[in-house]
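Visitor: The structure under discussion is supplied below as structure tokens; questions concerning it will follow.
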2 protein chains.
Amino acid sequence: MSRASADHATYHHGDLRAALVKAAAVDIERSGYENLSLRELAASLGVSRAAPYRHFADRRALLAAIAASGFYELTAIHRNASGKTPQARLAAAGRGYLAFAAERPQLFRLMLASDLLSGVAGPPDPELIKAANACYEVFEGLVAATLDRPDDRAIKATAIVLMSSAYGFALLRMDNRLKPLMYGRLTQTELIDAVLSMQVTALPRAGGGKRRSDT
Amino acid sequence: MSRASADHATYHHGDLRAALVKAAAVDIERSGYENLSLRELAASLGVSRAAPYRHFADRRALLAAIAASGFYELTAIHRNASGKTPQARLAAAGRGYLAFAAERPQLFRLMLASDLLSGVAGPPDPELIKAANACYEVFEGLVAATLDRPDDRAIKATAIVLMSSAYGFALLRMDNRLKPLMYGRLTQTELIDAVLSMQVTALPRAGGGKRRSDT
DNA sequence: CTTAGATGTTGACATCGCTCACATTGCGGC
DNA sequence: GCCGCAATGTGAGCGATGTCAACATCTAAG
């Protein structure tokens, strides 16, 4: 039941499925999901090359399972975000989200920027869709709690806009891509504050005003 | 055989390098950059499978060239954004950016969400870095023009926040991932308006105020 | 015309995802 | 206890892929 250790020669592998997901997640963080090799992965776990196919239909299915587990984790982060006010809870969730993306950038990229959910390389895994939607709904709940008059349109518009900001910033920040832009000028935390406060500033108006920018 | 019908062909295959980039971009839009096959690509152009290696060191180099050409195009879009006021020009550039992402989602993903710039699977291509930086700088210029007192910190903070929003929204919107969330409630254009107006609302304060959100 | 360099081809190799036939283990029914 | 069945792991192998080396061909310069 516990994680099978390499030294213990077991009849069969303890829980190969879980071991595969775990080891693959580590591999991915090292070299990106595009470069994950199933054979190499199997070898590193001491099983044959065909063994993974007893638990996953194909490579995409493994990646989908990894992504789904990532969404479960992210959902828990959102659920556990604590604070005295709804705004504080939302901000805490946002920081948790950005921390998650910073610590596991390649997993984050697999979850939200791969072809797994796009359907361009085959229909998306149903469990993955469910996991991603569940994560979104928790976030939407956090957003709804911060609105004074939470009608559905305002909730969704605000949630999507906030999510876009956090998502885009998380991806841009990864791999130190932003670093050359702020040498000695802006620290990461200053930037995060800018993102958060900018959104909070604009928040009350979101979805409500018909205010249009001049085209 | 199926020679390229280039009437100004100088030697064997006209301009194979450009033909490769162009055909590969089409292939990528159909099935994602992860599933691009060099051999298939070469065959579709009527050349042998080793021919591409006369122009690109490896598969990554081809992908990098495609991504770079995408950045050139995006830079041109930003440069050509027209409007009466700086704000209008910035908004026009934003719409062009979102339109680009909507029309060529897989190219957009390759440019901004692949492992090419991350360095996790080898050092990034220098030309690609240059192309991406050039694109950013044009955008930063558009942002700077909208600020009243454009000190460097404010410019960079605002540019990054705006870029994050547009970038995240573009990626979230692709593959109709947002569609289930707004059935009969929000149209795409309404959402785009929300993103833009929300940013514009918050814009004057960005990077300037020490205003902190309650944590 | 000659020749050097650029461009394209053929053959080969290692690796990859994936499948199939077979061996082994564990568990539930007798 | 025993047996059989389903789950799990193995090994060999197929087709496709990225990549390289040796060879062939064409262009352009001298």
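Within each chain, counting starts at residue 1; across the structure tokens, chains are named A, B, ... in the order shown, with ligands numbered 1 upward in that order.
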Within 9 Å of chain B, which residues of chain D are there when counting only C-alpha atoms (C1' of nucleotides)? Please give them as a PyMOL selection string.

Guide: chain D and resi 17-19+26-27

Visitor: Next, write the just-selected residues to a file, as a compact mmCIF listing (two decimals), in the first residue's frame, keeping C-alpha atoms (C1' of nucleotides) as the atom set.

Guide:
# COMPACT_ATOMS: atom_id res chain seq x y z
C1' DT D 17 10.93 9.14 -35.75
C1' DG D 18 15.24 12.29 -35.20
C1' DT D 19 19.72 12.40 -36.59
C1' DC D 26 23.71 21.56 -58.80
C1' DT D 27 25.25 26.73 -58.54

Visitor: Near range 130-142 of chain B, within 9 Å and counting only C-alpha atoms (C1' of nucleotides), which residues show up once chain neighbours fewer than 3 positions away are dropped, as a ChimeraX atom specification?

Guide: /B:67-72,74-76,78-79,86-87,89-90,93,111,125-127,145-146,155-156,158-160,163

Visitor: Go ahead and save the picked residues with N, CA and C atoms, as an mmCIF file, in the first residue's frame.

Guide:
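Output contents, as saved in selection.cif:
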data_model
loop_
_atom_site.group_PDB
_atom_site.id
_atom_site.type_symbol
_atom_site.label_atom_id
_atom_site.label_comp_id
_atom_site.auth_asym_id
_atom_site.auth_seq_id
_atom_site.Cartn_x
_atom_site.Cartn_y
_atom_site.Cartn_z
ATOM 1 N N ALA B 67 8.700 30.054 -34.534
ATOM 2 C CA ALA B 67 8.309 30.951 -33.447
ATOM 3 C C ALA B 67 8.832 32.361 -33.715
ATOM 4 N N ALA B 68 10.072 32.461 -34.186
ATOM 5 C CA ALA B 68 10.650 33.776 -34.460
ATOM 6 C C ALA B 68 9.847 34.504 -35.532
ATOM 7 N N SER B 69 9.469 33.796 -36.572
ATOM 8 C CA SER B 69 8.679 34.438 -37.627
ATOM 9 C C SER B 69 7.335 34.898 -37.068
ATOM 10 N N GLY B 70 6.795 34.137 -36.144
ATOM 11 C CA GLY B 70 5.567 34.566 -35.493
ATOM 12 C C GLY B 70 5.764 35.851 -34.721
ATOM 13 N N PHE B 71 6.903 35.969 -34.045
ATOM 14 C CA PHE B 71 7.168 37.200 -33.297
ATOM 15 C C PHE B 71 7.340 38.385 -34.242
ATOM 16 N N TYR B 72 7.967 38.162 -35.385
ATOM 17 C CA TYR B 72 8.109 39.250 -36.346
ATOM 18 C C TYR B 72 6.731 39.752 -36.769
ATOM 19 N N LEU B 74 3.919 39.446 -35.133
ATOM 20 C CA LEU B 74 3.245 40.092 -34.010
ATOM 21 C C LEU B 74 3.819 41.492 -33.771
ATOM 22 N N THR B 75 5.109 41.624 -33.953
ATOM 23 C CA THR B 75 5.728 42.945 -33.817
ATOM 24 C C THR B 75 5.150 43.913 -34.835
ATOM 25 N N ALA B 76 4.980 43.429 -36.055
ATOM 26 C CA ALA B 76 4.411 44.276 -37.106
ATOM 27 C C ALA B 76 2.991 44.694 -36.749
ATOM 28 N N HIS B 78 1.799 45.124 -33.778
ATOM 29 C CA HIS B 78 1.887 46.173 -32.766
ATOM 30 C C HIS B 78 2.306 47.499 -33.396
ATOM 31 N N ARG B 79 3.247 47.417 -34.315
ATOM 32 C CA ARG B 79 3.759 48.631 -34.940
ATOM 33 C C ARG B 79 2.681 49.319 -35.772
ATOM 34 N N PRO B 86 -2.752 57.767 -27.664
ATOM 35 C CA PRO B 86 -1.909 56.639 -27.249
ATOM 36 C C PRO B 86 -2.730 55.489 -26.691
ATOM 37 N N GLN B 87 -3.779 55.832 -25.912
ATOM 38 C CA GLN B 87 -4.629 54.783 -25.350
ATOM 39 C C GLN B 87 -5.313 53.993 -26.460
ATOM 40 N N ARG B 89 -4.230 53.590 -29.470
ATOM 41 C CA ARG B 89 -3.247 52.741 -30.166
ATOM 42 C C ARG B 89 -2.947 51.493 -29.358
ATOM 43 N N LEU B 90 -2.830 51.673 -28.048
ATOM 44 C CA LEU B 90 -2.579 50.506 -27.195
ATOM 45 C C LEU B 90 -3.735 49.519 -27.268
ATOM 46 N N ALA B 93 -3.613 47.680 -30.502
ATOM 47 C CA ALA B 93 -2.581 46.643 -30.467
ATOM 48 C C ALA B 93 -3.069 45.430 -29.687
ATOM 49 N N MET B 111 5.038 29.943 -29.545
ATOM 50 C CA MET B 111 5.835 31.132 -29.282
ATOM 51 C C MET B 111 5.981 31.404 -27.790
ATOM 52 N N ASP B 125 17.246 29.551 -28.651
ATOM 53 C CA ASP B 125 17.846 30.073 -29.877
ATOM 54 C C ASP B 125 18.026 31.587 -29.753
ATOM 55 N N PRO B 126 19.227 32.097 -30.040
ATOM 56 C CA PRO B 126 19.488 33.544 -29.889
ATOM 57 C C PRO B 126 18.576 34.403 -30.753
ATOM 58 N N GLU B 127 18.334 33.979 -31.992
ATOM 59 C CA GLU B 127 17.466 34.775 -32.857
ATOM 60 C C GLU B 127 16.051 34.841 -32.296
ATOM 61 N N ALA B 145 3.728 55.373 -23.849
ATOM 62 C CA ALA B 145 3.083 56.551 -24.421
ATOM 63 C C ALA B 145 1.770 56.897 -23.728
ATOM 64 N N THR B 146 1.187 55.905 -23.043
ATOM 65 C CA THR B 146 -0.098 56.180 -22.393
ATOM 66 C C THR B 146 0.060 56.727 -20.978
ATOM 67 N N ILE B 155 6.572 52.123 -16.162
ATOM 68 C CA ILE B 155 6.408 51.577 -17.511
ATOM 69 C C ILE B 155 6.472 50.059 -17.480
ATOM 70 N N LYS B 156 7.526 49.559 -16.858
ATOM 71 C CA LYS B 156 7.709 48.115 -16.863
ATOM 72 C C LYS B 156 6.604 47.396 -16.101
ATOM 73 N N THR B 158 3.542 48.380 -15.542
ATOM 74 C CA THR B 158 2.294 48.434 -16.296
ATOM 75 C C THR B 158 2.334 47.504 -17.497
ATOM 76 N N ALA B 159 3.437 47.533 -18.200
ATOM 77 C CA ALA B 159 3.546 46.691 -19.394
ATOM 78 C C ALA B 159 3.400 45.226 -19.039
ATOM 79 N N ILE B 160 4.068 44.823 -17.973
ATOM 80 C CA ILE B 160 4.018 43.407 -17.610
ATOM 81 C C ILE B 160 2.623 42.997 -17.175
ATOM 82 N N MET B 163 0.411 42.894 -20.254
ATOM 83 C CA MET B 163 0.772 41.759 -21.084
ATOM 84 C C MET B 163 0.283 40.465 -20.447
#

Visitor: For DG28 in chain C, list every protein, DNA or RNA residue within 12 Å, evaluated using only C-alpha atoms (C1' of nucleotides), and leave out those in the same chain fewer than 4 positions away; present the list as a count of residues only.

Guide: 4

Visitor: What residues in chain B get the DSSP label helix (DSSP H, G or I)? Please answer as an MDAnalysis selection string.

Guide: chainID B and resid 16:31 33:35 38:44 51:54 59:80 86:103 105:113 126:146 152:176 179:182 188:205

Visitor: So which residues touch Arg60 in chain A within 10 Å, counting only C-alpha atoms (C1' of nucleotides), skipping near sequence neighbours fewer than 6 positions away, as an MDAnalysis selection string?

Guide: chainID A and resid 66 115:116 121:122 124:125

Visitor: Taking only C-alpha atoms (C1' of nucleotides) into account, which of A:Ala51, A:Leu20, A:Ile28, A:Val120 comes nearest chain C?

Guide: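 Smallest separation from chain C among the options: A:Ala51.
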
Visitor: Between C1' of DG9 in chain D and C1' of DA14 in chain C, what distance in Å does the model show, to one decimal?

Guide: 25.2 Å

Visitor: I'd like a table as a Markdown table: residues in chain C with an atom no more than 8 Å from chain A, each row giving the shortest atom pair and its distance in Å to one decimal, only C-alpha atoms (C1' of nucleotides) counted, sorted by chain and rising residue number.

Guide:
| residue | atom | partner | partner_atom | distance |
| --- | --- | --- | --- | --- |
| C:DC16 | C1' | A:Ser37 | CA | 7.6 |
| C:DG17 | C1' | A:Arg59 | CA | 7.7 |
| C:DC18 | C1' | A:Asp58 | CA | 7.9 |
| C:DT25 | C1' | A:Tyr11 | CA | 6.7 |

Visitor: Please compute the C1' of DG11 in chain C-CA of Ala61 in chain B distance, one decimal, in Å.

Guide: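 Answer for the C1' of DG11 in chain C to CA of Ala61 in chain B separation: 24.4 Å.
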
Visitor: Which residues are close to Gln106 in chain A, i.e. within 12 Å by only C-alpha atoms (C1' of nucleotides), leaving aside same-chain residues fewer than 4 positions away? Reply as a PyMOL selection string.

Guide: (chain A and resi 24-36+63+66-67+70+100-102+110-114+170-171+174-175) or (chain B and resi 113-115+118-121)

Visitor: Save out the residues we just selected, C-alpha atoms, as an mmCIF file, in the first residue's frame.

Guide:
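again03.cif was written with the following content:
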data_model
loop_
_atom_site.group_PDB
_atom_site.id
_atom_site.type_symbol
_atom_site.label_atom_id
_atom_site.label_comp_id
_atom_site.auth_asym_id
_atom_site.auth_seq_id
_atom_site.Cartn_x
_atom_site.Cartn_y
_atom_site.Cartn_z
ATOM 1 C CA ALA A 24 6.933 11.217 -14.369
ATOM 2 C CA ALA A 25 6.102 14.455 -12.593
ATOM 3 C CA VAL A 26 9.711 14.678 -11.421
ATOM 4 C CA ASP A 27 11.026 13.917 -14.905
ATOM 5 C CA ILE A 28 8.753 16.531 -16.413
ATOM 6 C CA GLU A 29 9.981 19.179 -14.047
ATOM 7 C CA ARG A 30 13.494 18.443 -15.209
ATOM 8 C CA SER A 31 13.034 18.491 -18.966
ATOM 9 C CA GLY A 32 9.477 19.450 -19.861
ATOM 10 C CA TYR A 33 6.517 17.294 -20.765
ATOM 11 C CA GLU A 34 7.459 17.263 -24.437
ATOM 12 C CA ASN A 35 10.581 15.288 -23.613
ATOM 13 C CA LEU A 36 9.126 12.680 -21.291
ATOM 14 C CA LEU A 63 0.266 13.028 -18.996
ATOM 15 C CA ILE A 66 -0.299 13.925 -14.043
ATOM 16 C CA ALA A 67 -2.119 17.079 -15.058
ATOM 17 C CA GLY A 70 -1.865 18.847 -10.429
ATOM 18 C CA PHE A 100 2.467 26.717 -7.257
ATOM 19 C CA ALA A 101 3.361 27.895 -10.747
ATOM 20 C CA ALA A 102 6.760 29.086 -9.582
ATOM 21 C CA LEU A 110 1.411 20.811 -18.821
ATOM 22 C CA MET A 111 -1.835 21.548 -16.988
ATOM 23 C CA LEU A 112 -2.720 24.798 -18.684
ATOM 24 C CA ALA A 113 -0.702 25.282 -21.847
ATOM 25 C CA SER A 114 -0.320 21.827 -23.362
ATOM 26 C CA ALA A 170 2.596 32.987 -13.924
ATOM 27 C CA LEU A 171 3.588 31.824 -17.386
ATOM 28 C CA MET A 174 8.530 31.289 -15.370
ATOM 29 C CA ASP A 175 11.994 30.454 -16.600
ATOM 30 C CA ALA B 113 4.124 28.513 -23.897
ATOM 31 C CA SER B 114 6.540 25.964 -25.324
ATOM 32 C CA ASP B 115 9.878 24.825 -23.960
ATOM 33 C CA SER B 118 12.302 28.048 -21.154
ATOM 34 C CA GLY B 119 15.765 26.584 -21.543
ATOM 35 C CA VAL B 120 14.616 23.407 -19.852
ATOM 36 C CA ALA B 121 15.420 21.386 -22.955
#

Visitor: In terms of the shortest atom-to-atom distance over only C-alpha atoms, which of B:Tyr97, B:Thr85, B:Arg149, B:Ala65 is closest to chain A?

Guide: B:Thr85

Visitor: Quick one: everything within 10 Å of DA22 in chain D, counting only C-alpha atoms (C1' of nucleotides), minus sequence neighbours fewer than 2 positions away in the same chain. Send it as JSON, numbers by chain.

Guide: {"C": [10, 11], "D": [20, 24]}

Visitor: Calculate how many Å separate CA of Leu107 in chain B from CA of Val21 in chain B, rounding to one decimal.

Guide: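 Separating CA of Leu107 in chain B from CA of Val21 in chain B is a distance of 11.6 Å.
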